[in-house]
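Q: Here's a structure for you.
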Amino acid sequence: MNKDLVCGYCGATTICDYDEIEDDYYPHACDWCGTVFDETAHFVNDYEGEE
């Protein structure tokens, strides 16, 4: 399943292949700036807390 993941640093969206069974996704870094995703990244339409 594909999910859009927004980089917490540059704000670009990377389409990730999300594996529900493994609860993991690939790639693990932003397509645009190369930053490895951490707690600052979030899935589109998957916000936690404040927007």
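By order in the structure tokens, chains are A, B, ...; within a chain, residues start at 1; ligands start at 1, following the order shown.
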Set the distance at 12 Å and use only C-alpha atoms: which residues neighbour His28 (chain A) once local chain neighbours fewer than 4 positions away are removed? I'd like the list as a ChimeraX atom specification.

A: /A:5-7,14-18,24,34-38,41

Q: Based on DSSP run over this structure's backbone, return all residues of region 2-35 of chain A in strand (DSSP E), as a PyMOL selection string.

A: chain A and resi 2-6+13-19+24-26

Q: Do you have the CA of Met1 (chain A)-CA of Asp19 (chain A) distance handy?

A: 6.7 Å

Q: Of the candidates A:Gly8, A:Asn45, A:Lys3, A:Thr40, which shows the shortest atom-to-atom distance to Glu20 (chain A), using only C-alpha atoms?

A: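 Among the listed residues, the smallest separation from Glu20 (chain A) belongs to A:Lys3.
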